[in-house]
Amino acid sequence: MRKKVTTAIFPVAGLGTRFLPATKSIPKEIMTLVDRPLIQYAIDEARAAGITEFIFVTSRGKGALEDYFDHSPQLEDTLRQKGKDELLGKLLDTNMDSGAIAYVRQHKALGLGHAVWCARRLLASDEPFAVMLPDDVIASDTPCLQQMVEAHAETGGNMVAAMEVPDDKVSSYGVLDIKDDMGSVVSVKGMVEKPPLDQAPSNLAVIGRYILTPETMSHLDQMKTGAGGEIQLTDAIAAEINRSENVYGYRFKGQRFDCGSKAGFLQATVAFGLARDDLREEFQNYLSDMMPVRSAAQ
Ligand code: G1P
């Protein structure tokens, strides 16, 4: 029997400078898509995939994240007394079991690989674990991590979410060198972080969902710096490919939004707004009224 994936690491230590001045006093992960903070989308996706242990790798100034996941007895009582059951339900849905979330600090911004490594002592030594980057928001019928957990039950090893990207975007991602293309699942013979287009092994890019083994984590002990002078998660996975050839890419079904960029965040806001029954009609009318205005302005 393969071990189940029950723990997820959420690297949330980044400064979010692309969203300044908003991120001057609030963590990027608290910024809201419609009415839920980015981090809530990642947590809901993790829960749907069977994750019960949540590790946040944070940094100075991320206190609002911890508060967000705390229970709010006063607010709950007020809503209860006023009979606002729907709102109360929404609030209670965000509550986490006591002890389900652990926080570790990344003391220096040394890269994604280093952030993940900071969580190493909180992991079981013989179980795979997930890593989720909350900037990557994925709209799909079956939540992306759940799709991966199901595929991983067949393959074992390490698995990264993957998606084809256009040539001009390749150098913004970790890129897979494909050994065997089986459709949704590809086996991988190499992985490069942010390669220039002419050195990219393919257009199949890594998106921020990973299922990794303890062996892959152990490669991070070496603290080797890679692309951009940072300790890269991609390099640890590439080292594991060399050791075990046990790494797969998974072409998930769904639409991914890069909420680490302003344009991506706005696109996600429109898409998630239109997906909401309570907003669709009014929002759609607004957007269709606005289109001719925009064309005229151009
Ligand atoms: C990180 C990873 C990269 C991956 C990307 C997905 O890069 O290092 O391999 O393709 O996330 O969003 P970042 O966007 O944090 O620079």
# chains A, B, ... in the order shown; residues from 1 in each chain; ligands from 1
$ residues_near_ligand --ligand "ligand 1" --cutoff "6 Å" --atoms "only C-alpha atoms and all ligand atoms" --output "PDB file with C-alpha atoms, in the first residue's frame"
ATOM      1  CA  ASP A 136      -1.215  29.565  -8.527  1.00  0.00           C
ATOM      2  CA  TYR A 173       8.936  28.540 -15.019  1.00  0.00           C
ATOM      3  CA  GLY A 174      10.545  25.267 -14.090  1.00  0.00           C
ATOM      4  CA  GLU A 193      14.499  26.260 -13.537  1.00  0.00           C
ATOM      5  CA  ALA A 205       6.037  24.078 -17.345  1.00  0.00           C
ATOM      6  CA  VAL A 206       5.758  23.276 -13.661  1.00  0.00           C
ATOM      7  CA  ILE A 207       2.791  24.848 -11.878  1.00  0.00           C
ATOM      8  CA  GLY A 208       2.767  25.273  -8.108  1.00  0.00           C
ATOM      9  CA  THR A 234      13.397  22.420  -9.110  1.00  0.00           C
TER      10      THR A 234
END
$ residues_around --residues "stretch 242-250 of chain A" --least-positions-apart "2" --cutoff "10 Å" --atoms "only C-alpha atoms" --output "JSON, numbers by chain"
{"A": [144, 147, 148, 151, 152, 155, 156, 157, 158, 159, 160, 161, 162, 163, 176, 177, 178, 179, 180, 181, 182, 183, 184, 185, 186, 187, 188, 189, 190, 191, 204, 205, 206, 207, 209, 210, 211, 212, 213, 215, 216, 237, 238, 239, 240, 252, 253]}
$ select_by_dssp --residues "stretch 89-266 of chain A" --states "helix (DSSP H, G or I)" --output "number ranges by chain"
A: 89-93, 112-117, 120-122, 144-155, 167-172, 197-199, 214-222, 227-229, 233-244, 262-266
$ closest_atom_pairs --of "stretch 128-238 of chain A" --to "stretch 7-28 of chain A" --cutoff "6 Å" --atoms "only C-alpha atoms" --output "JSON lines"
{"residue": "A:Phe129", "atom": "CA", "partner": "A:Thr7", "partner_atom": "CA", "distance": 5.2}
{"residue": "A:Ala130", "atom": "CA", "partner": "A:Ala8", "partner_atom": "CA", "distance": 4.4}
{"residue": "A:Val131", "atom": "CA", "partner": "A:Ile9", "partner_atom": "CA", "distance": 4.7}
{"residue": "A:Met132", "atom": "CA", "partner": "A:Phe10", "partner_atom": "CA", "distance": 5.3}
$ write_last_selection --atoms "all heavy atoms" --output "compact mmCIF listing (two decimals), in the first residue's frame"
# COMPACT_ATOMS: atom_id res chain seq x y z
N PHE A 129 4.73 14.15 0.75
CA PHE A 129 4.04 15.36 1.21
C PHE A 129 3.76 16.25 0.01
O PHE A 129 4.41 16.11 -1.04
CB PHE A 129 4.89 16.11 2.26
CG PHE A 129 6.26 16.52 1.73
CD1 PHE A 129 6.47 17.78 1.16
CD2 PHE A 129 7.32 15.62 1.77
CE1 PHE A 129 7.71 18.14 0.66
CE2 PHE A 129 8.57 15.98 1.26
CZ PHE A 129 8.76 17.24 0.71
N ALA A 130 2.81 17.16 0.17
CA ALA A 130 2.49 18.08 -0.93
C ALA A 130 3.11 19.44 -0.66
O ALA A 130 3.37 19.81 0.49
CB ALA A 130 0.97 18.22 -1.05
N VAL A 131 3.39 20.17 -1.74
CA VAL A 131 3.77 21.58 -1.64
C VAL A 131 2.78 22.34 -2.52
O VAL A 131 2.53 21.93 -3.67
CB VAL A 131 5.21 21.83 -2.14
CG1 VAL A 131 5.54 23.33 -2.11
CG2 VAL A 131 6.22 21.07 -1.28
N MET A 132 2.20 23.41 -1.97
CA MET A 132 1.23 24.19 -2.75
C MET A 132 1.64 25.66 -2.75
O MET A 132 1.83 26.23 -1.67
CB MET A 132 -0.17 24.05 -2.15
CG MET A 132 -0.64 22.60 -2.10
SD MET A 132 -2.32 22.47 -1.47
CE MET A 132 -3.28 23.09 -2.84
$ select_by_dssp --residues "stretch 16-196 of chain A" --states "strand (DSSP E or B)" --output "ChimeraX atom specification"
/A:32-33,36-37,53-58,101-105,129-132,136-139,158-164,174-181,185-193
$ closest_atom_pairs --of "stretch 199-254 of chain A" --to "stretch 97-110 of chain A" --cutoff "12 Å" --atoms "only C-alpha atoms" --output "tab-separated table"
residue	atom	partner	partner_atom	distance
A:Leu220	CA	A:Leu110	CA	11.8
A:Met223	CA	A:Leu110	CA	9.4
A:Lys224	CA	A:Leu110	CA	10.5
A:Thr225	CA	A:Leu110	CA	8.6
A:Gly226	CA	A:Leu110	CA	10.5
A:Ala227	CA	A:Leu110	CA	11.4
A:Gly228	CA	A:Leu110	CA	10.1
A:Gly229	CA	A:Leu110	CA	8.3
A:Glu230	CA	A:Leu110	CA	5.4
A:Ile231	CA	A:Leu110	CA	6.0
A:Gln232	CA	A:Leu110	CA	8.8
A:Leu233	CA	A:Leu110	CA	11.1
$ closest_residue --among "A:Ser140, A:Ser261, A:Ser59, A:Gln40" --to "A:Asp93" --atoms "only C-alpha atoms"
A:Gln40
$ closest_residue --among "A:Glu66, A:Pro143, A:Arg120, A:Met96" --to "A:Ala46" --atoms "only C-alpha atoms"
A:Pro143
$ atom_distance --atom1 "atom CA of A:Leu38" --atom2 "atom CA of A:Gly254"
17.1 Å
$ atom_distance --atom1 "atom CA of A:Glu281" --atom2 "atom CA of A:Leu266"
18.6 Å
